[in-house]
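Peer 1: Supplied structure: final.cif, mmCIF, C-alpha atoms.
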```cif
data_input
loop_
_atom_site.label_atom_id
_atom_site.label_comp_id
_atom_site.auth_asym_id
_atom_site.auth_seq_id
_atom_site.Cartn_x
_atom_site.Cartn_y
_atom_site.Cartn_z
CA MET A 1 16.15 70.95 141.56
CA PHE A 2 18.05 74.11 142.48
CA LEU A 3 17.15 73.71 146.16
CA LEU A 4 18.27 70.08 146.15
CA MET A 5 21.62 71.03 144.59
CA LYS A 6 22.06 73.88 147.08
CA ALA A 7 21.32 71.56 150.00
CA TYR A 8 23.74 68.96 148.65
CA LEU A 9 26.54 71.47 148.22
CA SER A 10 26.04 72.79 151.75
CA ASP A 11 26.62 69.32 153.22
CA GLN A 12 29.99 68.65 154.92
CA GLY A 13 30.63 65.19 153.43
CA LEU A 14 33.59 64.41 151.19
CA SER A 15 31.71 64.46 147.88
CA PRO A 16 29.97 67.83 148.46
CA THR A 17 33.22 69.33 149.75
CA LEU A 18 35.07 68.06 146.71
CA LEU A 19 32.36 69.30 144.35
CA ARG A 20 32.37 72.77 145.95
CA ALA A 21 36.14 72.94 145.63
CA LEU A 22 36.05 71.74 142.02
CA LEU A 23 33.31 74.16 140.95
CA GLY A 24 34.91 77.13 142.67
CA SER A 25 38.41 76.23 141.52
CA ALA A 26 37.25 75.59 137.97
CA GLY A 27 35.64 79.04 137.86
CA ILE A 28 38.72 80.75 139.26
CA ARG A 29 41.17 78.83 137.11
CA THR A 30 39.09 79.43 133.97
CA VAL A 31 39.09 83.18 134.55
CA GLY A 32 42.75 83.09 135.53
CA MET A 33 43.60 81.05 132.46
CA GLY A 34 41.92 83.63 130.28
CA LEU A 35 43.77 86.46 132.01
CA SER A 36 47.14 84.68 131.71
CA PHE A 37 46.44 84.00 128.05
CA LEU A 38 45.62 87.67 127.56
CA VAL A 39 48.94 88.60 129.17
CA GLY A 40 50.75 86.29 126.76
CA VAL A 41 49.01 87.88 123.79
CA GLN A 42 49.85 91.38 125.07
CA LEU A 43 53.50 90.48 125.58
CA ALA A 44 53.87 88.79 122.18
CA ARG A 45 52.28 91.69 120.32
CA ALA A 46 54.14 94.37 122.29
CA LEU A 47 57.60 92.75 122.17
CA GLY A 48 57.59 90.85 118.87
CA VAL A 49 59.25 87.47 118.33
CA GLU A 50 62.78 88.60 119.22
CA GLY A 51 61.77 90.65 122.26
CA TYR A 52 59.41 87.95 123.47
CA GLY A 53 62.24 85.44 123.15
CA ILE A 54 64.51 87.60 125.34
CA TYR A 55 61.69 88.03 127.86
CA GLY A 56 61.09 84.25 127.86
CA LEU A 57 64.76 83.54 128.40
CA ALA A 58 64.87 86.03 131.30
CA MET A 59 61.74 84.50 132.84
CA SER A 60 63.27 81.03 132.64
CA ILE A 61 66.34 82.20 134.55
CA ILE A 62 64.20 84.00 137.15
CA SER A 63 61.83 81.03 137.50
CA ILE A 64 64.70 78.67 138.28
CA ALA A 65 66.19 81.11 140.82
CA MET A 66 62.74 81.62 142.35
CA THR A 67 62.22 77.88 142.74
CA PHE A 68 65.45 77.50 144.69
CA ALA A 69 64.38 80.39 146.94
CA ALA A 70 60.99 78.76 147.52
CA PHE A 71 62.74 75.54 148.63
CA GLY A 72 59.57 73.43 148.39
CA LEU A 73 58.01 75.44 151.21
CA PRO A 74 54.59 76.01 149.56
CA GLN A 75 54.12 72.23 149.28
CA LEU A 76 55.27 71.76 152.87
CA VAL A 77 52.84 74.46 154.05
CA THR A 78 49.93 72.79 152.23
CA ARG A 79 50.61 69.52 154.04
CA GLU A 80 51.38 70.98 157.46
CA SER A 81 48.50 73.46 157.47
CA ALA A 82 46.10 70.61 156.64
CA ARG A 83 47.46 68.77 159.68
CA ALA A 84 47.19 71.91 161.81
CA TYR A 85 43.58 72.30 160.72
CA THR A 86 42.84 68.69 161.74
CA ASN A 87 44.63 68.99 165.11
CA ASN A 88 43.82 72.68 165.87
CA ASP A 89 47.55 73.37 166.15
CA TRP A 90 47.41 77.08 165.30
CA ALA A 91 50.50 78.01 167.32
CA GLY A 92 52.55 75.49 165.35
CA LEU A 93 51.18 76.87 162.07
CA TYR A 94 52.17 80.42 163.02
CA ALA A 95 55.68 79.21 163.81
CA LEU A 96 55.86 77.40 160.46
CA LEU A 97 54.74 80.46 158.48
CA ARG A 98 57.32 82.69 160.19
CA TRP A 99 60.10 80.20 159.59
CA CYS A 100 59.11 79.84 155.93
CA SER A 101 59.11 83.61 155.38
CA ARG A 102 62.58 84.00 156.89
CA THR A 103 63.91 81.04 154.93
CA VAL A 104 62.67 82.44 151.61
CA CYS A 105 64.30 85.82 152.25
CA LEU A 106 67.63 84.18 153.11
CA LEU A 107 67.65 81.80 150.15
CA ALA A 108 66.61 84.49 147.68
CA ILE A 109 69.97 86.27 147.95
CA PRO A 110 72.21 83.48 146.58
CA ALA A 111 69.48 82.39 144.14
CA ALA A 112 69.22 85.90 142.65
CA THR A 113 73.01 86.16 142.47
CA VAL A 114 73.24 82.95 140.45
CA GLY A 115 70.48 84.28 138.17
CA ILE A 116 72.47 87.44 137.43
CA ILE A 117 75.58 85.39 136.68
CA ALA A 118 73.61 83.15 134.30
CA ALA A 119 72.18 86.17 132.47
CA TYR A 120 75.62 87.76 132.19
CA TRP A 121 77.07 84.54 130.79
CA GLN A 122 74.27 84.39 128.19
CA LYS A 123 74.39 88.07 127.26
CA ASP A 124 76.77 87.63 124.32
CA SER A 125 74.24 85.61 122.33
CA SER A 126 71.11 87.44 123.48
CA GLY A 127 72.30 91.00 123.91
CA ILE A 128 72.77 93.04 127.04
CA THR A 129 68.96 93.43 127.16
CA LEU A 130 68.69 89.96 128.71
CA LEU A 131 70.82 91.03 131.67
CA TYR A 132 68.72 94.16 132.16
CA ALA A 133 65.51 92.10 132.02
CA VAL A 134 66.75 89.66 134.67
CA VAL A 135 67.87 92.46 136.99
CA ALA A 136 64.51 94.21 136.55
CA GLY A 137 62.69 91.06 137.67
CA LEU A 138 64.85 90.02 140.65
CA LEU A 139 62.22 90.89 143.27
CA ILE A 140 60.03 88.15 141.78
CA VAL A 141 62.49 85.67 143.33
CA ILE A 142 61.30 86.73 146.81
CA LEU A 143 57.73 87.88 146.25
CA THR A 144 56.37 84.88 144.36
CA PRO A 145 57.42 82.24 146.95
CA LEU A 146 55.92 84.35 149.75
CA ALA A 147 52.64 84.71 147.87
CA ASN A 148 52.59 80.97 147.16
CA ILE A 149 53.21 80.16 150.84
CA TYR A 150 50.22 82.26 151.89
CA GLY A 151 48.03 80.69 149.21
CA SER A 152 49.17 77.18 150.17
CA ALA A 153 48.26 77.84 153.81
CA LEU A 154 44.79 78.95 152.76
CA ARG A 155 44.28 75.78 150.73
CA GLY A 156 45.54 73.59 153.56
CA LEU A 157 43.04 75.29 155.88
CA GLN A 158 40.22 74.18 153.52
CA HIS A 159 39.88 77.61 151.89
CA ILE A 160 40.76 75.93 148.60
CA VAL A 161 39.04 78.47 146.37
CA LYS A 162 40.21 81.52 148.28
CA GLY A 163 43.78 80.23 148.31
CA GLN A 164 43.90 80.31 144.51
CA LEU A 165 42.66 83.88 144.05
CA PRO A 166 45.97 85.79 144.41
CA GLU A 167 47.96 83.60 142.02
CA ALA A 168 45.25 82.68 139.53
CA ILE A 169 43.26 85.92 139.32
CA PHE A 170 44.92 88.96 140.85
CA ARG A 171 48.45 88.44 139.54
CA PRO A 172 47.55 88.16 135.83
CA LEU A 173 44.83 90.79 136.22
CA PHE A 174 47.24 93.35 137.67
CA TYR A 175 49.87 92.45 135.08
CA SER A 176 47.45 92.79 132.18
CA LEU A 177 46.32 96.21 133.41
CA PHE A 178 49.90 97.40 133.88
CA LEU A 179 50.86 96.16 130.42
CA TYR A 180 47.89 97.95 128.87
CA VAL A 181 48.76 101.22 130.59
CA GLY A 182 52.44 100.81 129.74
CA VAL A 183 51.86 100.09 126.05
CA VAL A 184 49.33 102.91 125.69
CA SER A 185 51.47 105.44 127.57
CA TYR A 186 54.87 104.45 126.18
CA PRO A 187 54.26 102.40 123.02
CA ALA A 188 57.90 102.52 121.88
CA ASP A 189 59.58 101.98 125.26
CA VAL A 190 58.09 98.76 126.68
CA GLY A 191 60.93 96.34 126.06
CA PRO A 192 61.67 93.06 127.86
CA GLN A 193 63.07 94.87 130.91
CA GLY A 194 60.05 97.19 131.09
CA ALA A 195 57.65 94.24 130.87
CA MET A 196 59.59 92.52 133.65
CA ALA A 197 59.40 95.58 135.92
CA LEU A 198 55.64 95.73 135.41
CA GLN A 199 55.41 92.08 136.40
CA VAL A 200 57.24 92.82 139.65
CA LEU A 201 54.53 95.34 140.55
CA ALA A 202 51.80 92.80 139.75
CA VAL A 203 53.44 90.07 141.85
CA ALA A 204 53.92 92.47 144.80
CA LEU A 205 50.25 93.44 144.82
CA SER A 206 49.08 89.82 144.54
CA ALA A 207 51.38 88.85 147.44
CA LEU A 208 49.76 91.55 149.59
CA VAL A 209 46.31 90.22 148.68
CA ALA A 210 47.36 86.69 149.66
CA TYR A 211 48.76 87.89 152.98
CA PHE A 212 45.61 89.76 153.97
CA LEU A 213 43.32 86.89 152.91
CA LEU A 214 45.32 84.52 155.12
CA GLN A 215 45.25 86.89 158.09
CA ARG A 216 41.46 87.05 157.88
CA VAL A 217 41.02 83.28 158.32
CA LEU A 218 43.83 82.43 160.76
CA PRO A 219 42.67 82.17 164.37
CA LYS A 220 44.39 84.71 166.60
CA VAL A 221 47.26 83.37 168.69
CA SER A 222 49.12 85.39 171.30
CA PRO A 223 52.87 85.77 170.63
CA GLN A 224 53.83 83.84 173.79
CA ASP A 225 51.77 80.84 172.63
CA VAL A 226 53.62 80.49 169.33
CA THR A 227 55.77 77.37 169.50
CA HIS A 228 59.45 77.27 168.70
CA ALA A 229 60.39 76.69 165.09
CA GLN A 230 60.99 73.03 164.37
CA SER A 231 63.64 74.01 161.83
CA ALA A 232 65.33 70.62 161.50
CA GLN A 233 62.05 68.74 161.08
CA TRP A 234 60.64 71.23 158.58
CA PHE A 235 63.88 71.34 156.65
CA GLN A 236 63.90 67.56 156.47
CA GLY A 237 60.34 67.56 155.14
CA ALA A 238 60.92 70.45 152.73
CA TRP A 239 64.15 69.60 150.97
CA PRO A 240 62.87 66.53 149.05
CA MET A 241 59.92 68.57 147.79
CA ALA A 242 62.30 71.47 147.11
CA LEU A 243 64.45 69.25 144.93
CA THR A 244 61.36 67.88 143.20
CA GLU A 245 59.95 71.34 142.49
CA ALA A 246 63.33 72.69 141.43
CA MET A 247 63.85 69.84 139.00
CA ARG A 248 60.29 70.22 137.72
CA VAL A 249 60.81 73.93 137.04
CA VAL A 250 64.25 73.33 135.55
CA GLN A 251 62.74 70.64 133.33
CA GLY A 252 59.96 72.99 132.24
CA ASN A 253 62.40 75.79 131.41
CA LEU A 254 65.18 73.66 129.95
CA PRO A 255 63.72 73.69 126.42
CA ILE A 256 63.88 77.48 126.41
CA LEU A 257 67.39 77.52 127.88
CA VAL A 258 68.60 74.89 125.41
CA LEU A 259 67.11 76.82 122.50
CA GLY A 260 68.68 80.01 123.82
CA VAL A 261 72.11 78.36 123.88
CA LEU A 262 71.95 76.15 120.78
CA ALA A 263 69.56 78.09 118.55
CA SER A 264 68.33 81.71 118.77
CA THR A 265 66.06 84.02 120.71
CA TYR A 266 63.74 83.99 117.69
CA LEU A 267 63.09 80.27 118.21
CA VAL A 268 62.76 80.92 121.94
CA GLY A 269 59.95 83.37 121.13
CA ILE A 270 58.20 80.82 118.91
CA TYR A 271 58.56 78.06 121.50
CA ARG A 272 57.40 80.41 124.26
CA VAL A 273 54.09 80.99 122.47
CA GLY A 274 53.58 77.28 121.89
CA SER A 275 54.40 76.42 125.49
CA SER A 276 52.22 79.22 126.88
CA VAL A 277 49.20 77.91 124.97
CA TYR A 278 50.18 74.42 126.11
CA LEU A 279 49.63 75.62 129.68
CA LEU A 280 46.01 76.20 128.71
CA LEU A 281 45.75 72.63 127.46
CA THR A 282 47.09 71.30 130.78
CA PHE A 283 44.67 73.41 132.79
CA PRO A 284 42.80 70.25 133.95
CA LEU A 285 46.05 68.83 135.36
CA THR A 286 46.78 71.99 137.34
CA LEU A 287 43.22 72.22 138.63
CA ILE A 288 43.06 68.59 139.75
CA ASN A 289 46.44 68.68 141.50
CA ILE A 290 45.59 71.88 143.39
CA VAL A 291 42.12 70.77 144.47
CA PHE A 292 42.87 67.14 145.23
CA SER A 293 46.26 67.39 146.97
CA PRO A 294 44.99 68.37 150.47
CA ILE A 295 42.19 65.78 150.16
CA PHE A 296 44.76 63.10 149.28
CA ALA A 297 46.62 63.99 152.49
CA GLN A 298 43.46 63.88 154.63
CA LEU A 299 42.21 60.55 153.27
CA HIS A 300 45.63 58.99 153.68
CA SER A 301 45.87 60.23 157.29
CA ALA A 302 42.40 58.79 157.98
CA GLN A 303 43.43 55.49 156.29
CA GLU A 304 40.43 55.60 153.96
CA GLN A 305 42.08 53.66 151.15
CA HIS A 306 38.92 52.81 149.24
CA LYS A 307 37.79 56.45 149.00
CA LEU A 308 41.31 57.47 148.06
CA GLN A 309 41.37 54.94 145.21
CA GLN A 310 37.97 56.17 144.05
CA LEU A 311 39.27 59.73 144.05
CA LEU A 312 42.33 58.72 142.04
CA GLY A 313 40.12 57.07 139.43
CA LEU A 314 37.99 60.19 139.14
CA ALA A 315 41.09 62.38 138.86
CA SER A 316 42.77 60.30 136.12
CA ARG A 317 39.64 60.18 133.97
CA ALA A 318 39.11 63.92 134.30
CA MET A 319 42.74 64.63 133.41
CA VAL A 320 42.70 62.66 130.15
CA LEU A 321 39.31 63.93 128.99
CA GLY A 322 40.06 67.54 129.87
CA VAL A 323 43.42 67.72 128.07
CA PHE A 324 42.04 65.94 124.99
CA LEU A 325 39.07 68.30 124.62
CA LEU A 326 41.26 71.39 124.95
CA THR A 327 43.79 70.06 122.41
CA LEU A 328 41.19 69.13 119.79
CA PRO A 329 40.63 72.62 118.23
CA PHE A 330 44.36 73.09 117.63
CA ILE A 331 44.56 69.83 115.66
CA PHE A 332 42.30 71.33 112.97
CA PHE A 333 42.62 75.12 113.27
CA GLY A 334 45.76 75.67 115.33
CA GLU A 335 47.74 77.84 112.92
CA ASP A 336 44.76 80.11 112.25
CA ILE A 337 44.06 80.47 115.97
CA LEU A 338 47.65 81.34 116.84
CA GLY A 339 48.00 83.70 113.87
CA PHE A 340 44.82 85.55 114.83
CA LEU A 341 45.73 85.89 118.50
CA PHE A 342 49.49 86.45 118.48
CA GLY A 343 50.20 87.56 114.92
CA ASP A 344 51.08 85.73 111.71
CA GLU A 345 54.75 85.40 112.69
CA PHE A 346 53.71 83.01 115.48
CA ARG A 347 51.70 80.58 113.32
CA GLU A 348 54.57 78.09 113.20
CA ALA A 349 54.28 77.58 116.97
CA ASN A 350 51.33 75.23 116.36
CA SER A 351 53.57 72.26 115.54
CA ILE A 352 55.28 72.72 118.91
CA LEU A 353 51.90 72.97 120.62
CA LEU A 354 50.61 69.74 119.08
CA VAL A 355 53.69 67.78 120.12
CA LEU A 356 53.39 69.03 123.70
CA GLY A 357 49.64 68.46 123.75
CA GLY A 358 50.00 64.87 122.52
CA GLY A 359 52.54 64.19 125.26
CA ALA A 360 50.19 65.64 127.88
CA ILE A 361 47.31 63.40 126.75
CA VAL A 362 49.42 60.23 126.90
CA GLY A 363 51.05 61.23 130.20
CA SER A 364 47.66 61.95 131.77
CA PHE A 365 46.66 58.29 131.41
CA PHE A 366 48.91 57.58 134.39
CA GLY A 367 47.05 60.03 136.65
CA PRO A 368 48.26 62.21 139.58
CA GLY A 369 50.81 59.74 140.92
CA ALA A 370 53.41 62.38 141.83
CA THR A 371 50.89 64.48 143.78
CA LEU A 372 49.67 61.38 145.60
CA LEU A 373 53.21 60.42 146.64
CA ASN A 374 54.04 63.97 147.78
CA MET A 375 50.91 64.22 149.90
CA THR A 376 51.45 60.84 151.57
CA GLY A 377 55.01 61.38 152.76
CA HIS A 378 56.84 59.69 149.87
CA GLU A 379 58.32 62.83 148.36
CA ARG A 380 61.80 61.29 148.16
CA LEU A 381 60.58 58.80 145.57
CA VAL A 382 59.27 61.69 143.49
CA THR A 383 62.57 63.54 143.83
CA ARG A 384 64.69 60.62 142.69
CA SER A 385 62.43 59.85 139.74
CA LEU A 386 62.31 63.46 138.61
CA GLY A 387 66.08 63.69 138.86
CA PHE A 388 66.40 60.72 136.52
CA SER A 389 63.92 62.25 134.05
CA LEU A 390 65.92 65.48 134.11
CA LEU A 391 69.04 63.52 133.23
CA VAL A 392 67.17 61.88 130.35
CA PHE A 393 66.18 65.32 129.03
CA PHE A 394 69.80 66.49 129.16
CA VAL A 395 70.78 63.47 127.06
CA ILE A 396 68.05 63.55 124.40
CA ALA A 397 67.29 67.28 124.05
CA PRO A 398 70.51 68.64 122.46
CA PRO A 399 70.58 66.19 119.51
CA LEU A 400 66.83 66.61 118.93
CA VAL A 401 67.18 70.42 118.96
CA ALA A 402 70.14 70.17 116.60
CA MET A 403 68.08 68.08 114.17
CA THR A 404 64.66 69.73 114.33
CA ASP A 405 65.12 73.05 116.22
CA ALA A 406 62.13 74.01 118.40
CA GLU A 407 60.15 70.86 117.57
CA GLY A 408 63.02 68.79 118.95
CA ALA A 409 62.75 70.55 122.30
CA ALA A 410 59.02 69.80 122.35
CA ILE A 411 59.59 66.13 121.51
CA ALA A 412 62.14 65.79 124.31
CA SER A 413 59.78 67.43 126.80
CA SER A 414 56.91 65.13 125.84
CA ILE A 415 59.02 61.98 126.09
CA VAL A 416 60.22 62.95 129.55
CA PHE A 417 56.71 63.93 130.72
CA ILE A 418 55.22 60.60 129.67
CA ALA A 419 58.05 58.54 131.16
CA TRP A 420 57.97 60.39 134.46
CA ASN A 421 54.21 60.02 134.90
CA ALA A 422 54.47 56.30 134.14
CA VAL A 423 57.18 55.87 136.76
CA MET A 424 55.13 57.81 139.34
CA CYS A 425 52.13 55.57 138.72
CA PHE A 426 54.26 52.46 139.17
CA ARG A 427 55.83 53.82 142.37
CA ALA A 428 52.43 54.66 143.88
CA ARG A 429 51.14 51.17 143.09
CA ARG A 430 54.16 49.50 144.66
CA VAL A 431 54.45 51.67 147.80
CA LEU A 432 50.82 52.56 148.55
CA SER A 433 48.95 49.73 146.78
CA LEU A 434 47.02 52.43 144.92
CA ASP A 435 46.67 52.72 141.16
CA SER A 436 46.59 56.32 139.95
CA SER A 437 46.11 55.45 136.27
CA VAL A 438 42.93 55.39 134.22
CA ILE A 439 43.08 51.59 134.10
CA GLY A 440 43.18 51.33 137.88
CA GLY A 441 40.46 53.92 138.23
CA LEU A 442 38.07 51.96 136.01
CA LYS A 443 37.79 49.31 138.71
CA PHE A 444 36.01 51.77 141.00
CA GLY A 445 32.88 53.84 140.73
CA TRP A 446 32.14 57.42 141.71
CA LEU A 447 32.70 58.70 145.19
CA SER A 448 30.08 57.64 147.67
#
```
What do you get writing this file as structure tokens?
Peer 2:
Amino acid sequence: MFLLMKAYLSDQGLSPTLLRALLGSAGIRTVGMGLSFLVGVQLARALGVEGYGIYGLAMSIISIAMTFAAFGLPQLVTRESARAYTNNDWAGLYALLRWCSRTVCLLAIPAATVGIIAAYWQKDSSGITLLYAVVAGLLIVILTPLANIYGSALRGLQHIVKGQLPEAIFRPLFYSLFLYVGVVSYPADVGPQGAMALQVLAVALSALVAYFLLQRVLPKVSPQDVTHAQSAQWFQGAWPMALTEAMRVVQGNLPILVLGVLASTYLVGIYRVGSSVYLLLTFPLTLINIVFSPIFAQLHSAQEQHKLQQLLGLASRAMVLGVFLLTLPFIFFGEDILGFLFGDEFREANSILLVLGGGAIVGSFFGPGATLLNMTGHERLVTRSLGFSLLVFFVIAPPLVAMTDAEGAAIASSIVFIAWNAVMCFRARRVLSLDSSVIGGLKFGWLS
């Protein structure tokens, strides 16, 4: 049996390739999920509710600035490196990577400046500590996009598992170790700004790991063979995905920003714990989108519609089942679990977690429609739809927060997540004649 499985996995067909990627990615993401969860526990216990709220607010500001600096380039690199792999266009890939690195460094300057201004504007309600925390983490605005570009190139070159190592494993591992050393060495001095500075060190080391892993797999190309940068073409392909990613990150951080403005950093800390555990519940969604996105692009380029529809059916079923199984323990024992892990003061975060988890389950029924559209050249549809969902959040979130505090932010996020996934499914069906939902997937069997 073992020999048969080994022989099957060594085959180069689509199903064995997909299974290898899923098994390897699942292992990496499971370990990484545990490490990230450990980091969240360390931060919550070291900083307390108020300090964790300030840290969460600072991370939201930095994450938005970082997304603008990234400019959708990691997604562009995934798509273009997959094409380079198919066409053996290594000179073009080198040119793309150089252009992306320069672009990130240039865009990081205005993005970081806006982040400082936002922190200064918010400092009156959160204390000057917020400003210090944002300044301490500014290098993340440059380092994280660069690390993501290198990892995206690895995944596009069919090193799907290796491309996830720096972000999923090394970054939280380094951060957890630094936090442990910092708390043990200076138990009274690790505030939000100290935690942010330790994260900068972790991100820098993980970026170096990603760079060296990519250099080991890239074929060598002489400098004179490297093609000229196709700046206009790449910019045209990147900006819709940049807008999409920016709006996605803004949407993900808006609940924290709204709570920081309309409520208090205490509620930000509570919401931050609920949303961080929620990331564990959506682990299947992250895994499927990372593993399947380059395969979506390849099957679409090869015009293998039937296999692509089969893959969509498999993805949608796995998304729903995975999120449901991970949410189930928190329905019955959520408060006890959160109290044991983070401390009794965080038990009330379970209501937030259940609202977000319920929204993820319902939204998953519509499958990976957004990823499918991005990987098949229809990123503008994703951008427009996400922009509309962001507008909806702006309209419904403030009154919901005013009525029910942190739970209102979770309700608004869930409504927007469900609506956006439904729209993406409808768009994919209309434009590509492919149904990304569970219902559409039931019409097809497993991959052959």
Peer 1: Within 9 Å of segment 229-235 of chain A, counting all atoms listed in the file, which residues show up once you throw out same-chain ones fewer than 6 positions away? Write them as JSON, numbers by chain, please.
Peer 2: {"A": [73, 76, 92, 95, 96, 98, 99]}
Peer 1: Can you pull out the residues contacting Ala111 of chain A? Cut-off 8 Å, using all atoms listed in the file, and skip same-chain residues under 2 positions away; I want them as a PyMOL selection string.
Peer 2: chain A and resi 65-66+68-69+107-109+113-115+141
Peer 1: Give me the result of the PyMOL selection byres ((chain A and resi 139) around 12) on this file, residue by residue, as JSON, numbers by chain.
Peer 2: {"A": [62, 63, 65, 66, 69, 104, 105, 108, 109, 111, 112, 113, 115, 133, 134, 135, 136, 137, 138, 140, 141, 142, 143, 144, 145, 146, 196, 197, 198, 199, 200, 201, 202, 203, 204, 207]}
Peer 1: Smallest atom-to-atom distance to Val161 of chain A: which of A:Lys220, A:Arg102, A:Arg29, A:Arg347, using only C-alpha atoms?
Peer 2: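 Answer, going by the shortest atom-to-atom distance: A:Arg29.
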Peer 1: I'd like to see the residues matched by the PyMOL selection byres ((chain A and resi 367-370) around 8) on this file, and ideally I'd get them as a count of residues only.
Peer 2: 23
Peer 1: So, counting all atoms listed in the file, which residue among A:Ala44, A:Val268, A:Leu314, A:Leu214 is closest to Asp405 of chain A?
Peer 2: A:Val268
Peer 1: Within 8 Å of Gln251 of chain A, counting all atoms listed in the file, which residues qualify if same-chain residues fewer than 2 places away don't, as a PyMOL selection string?
Peer 2: chain A and resi 247-249+253-255+390+393+413
Peer 1: How would the residues just chosen look if you wrote them out with C-alpha atoms as a JSON list (two decimals), in the frame of the given file?
Peer 2:
```json
[["chain", "number", "residue", "atom", "x", "y", "z"],
["A", 247, "MET", "CA", 63.85, 69.84, 139.00],
["A", 248, "ARG", "CA", 60.29, 70.22, 137.72],
["A", 249, "VAL", "CA", 60.81, 73.93, 137.04],
["A", 253, "ASN", "CA", 62.40, 75.79, 131.41],
["A", 254, "LEU", "CA", 65.18, 73.66, 129.95],
["A", 255, "PRO", "CA", 63.72, 73.69, 126.42],
["A", 390, "LEU", "CA", 65.92, 65.48, 134.11],
["A", 393, "PHE", "CA", 66.18, 65.32, 129.03],
["A", 413, "SER", "CA", 59.78, 67.43, 126.80]]
```
Peer 1: Hey, can you pull every residue with an atom no more than 6 Å from (55.9, 71.9, 122.7), using only C-alpha atoms, and send it as a list in words?
Peer 2: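 Those residues lying close to the given coordinates are Gly274, Ser275, Ile352, Leu353, Val355, Leu356 and Ala410 of chain A.
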Peer 1: Here's the selection I'm unsure about, the PyMOL selection byres ((chain A and resi 406) around 9); applied to the file above, which residues does it give, as a PyMOL selection string?
Peer 2: chain A and resi 255-256+259+263+267-268+270-271+349+352+400-401+404-405+407-411
Peer 1: What does the distance from atom CA of Ala297 of chain A to atom CA of Pro166 of chain A come to in Å, to one decimal?
Peer 2: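 These atoms are spaced 23.3 Å apart.
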Peer 1: Between atom CA of Ala168 of chain A and atom CA of Ser60 of chain A, measure the distance and give it in Å to one decimal.
Peer 2: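 Value for the atom CA of Ala168 of chain A-atom CA of Ser60 of chain A distance: 19.4 Å.
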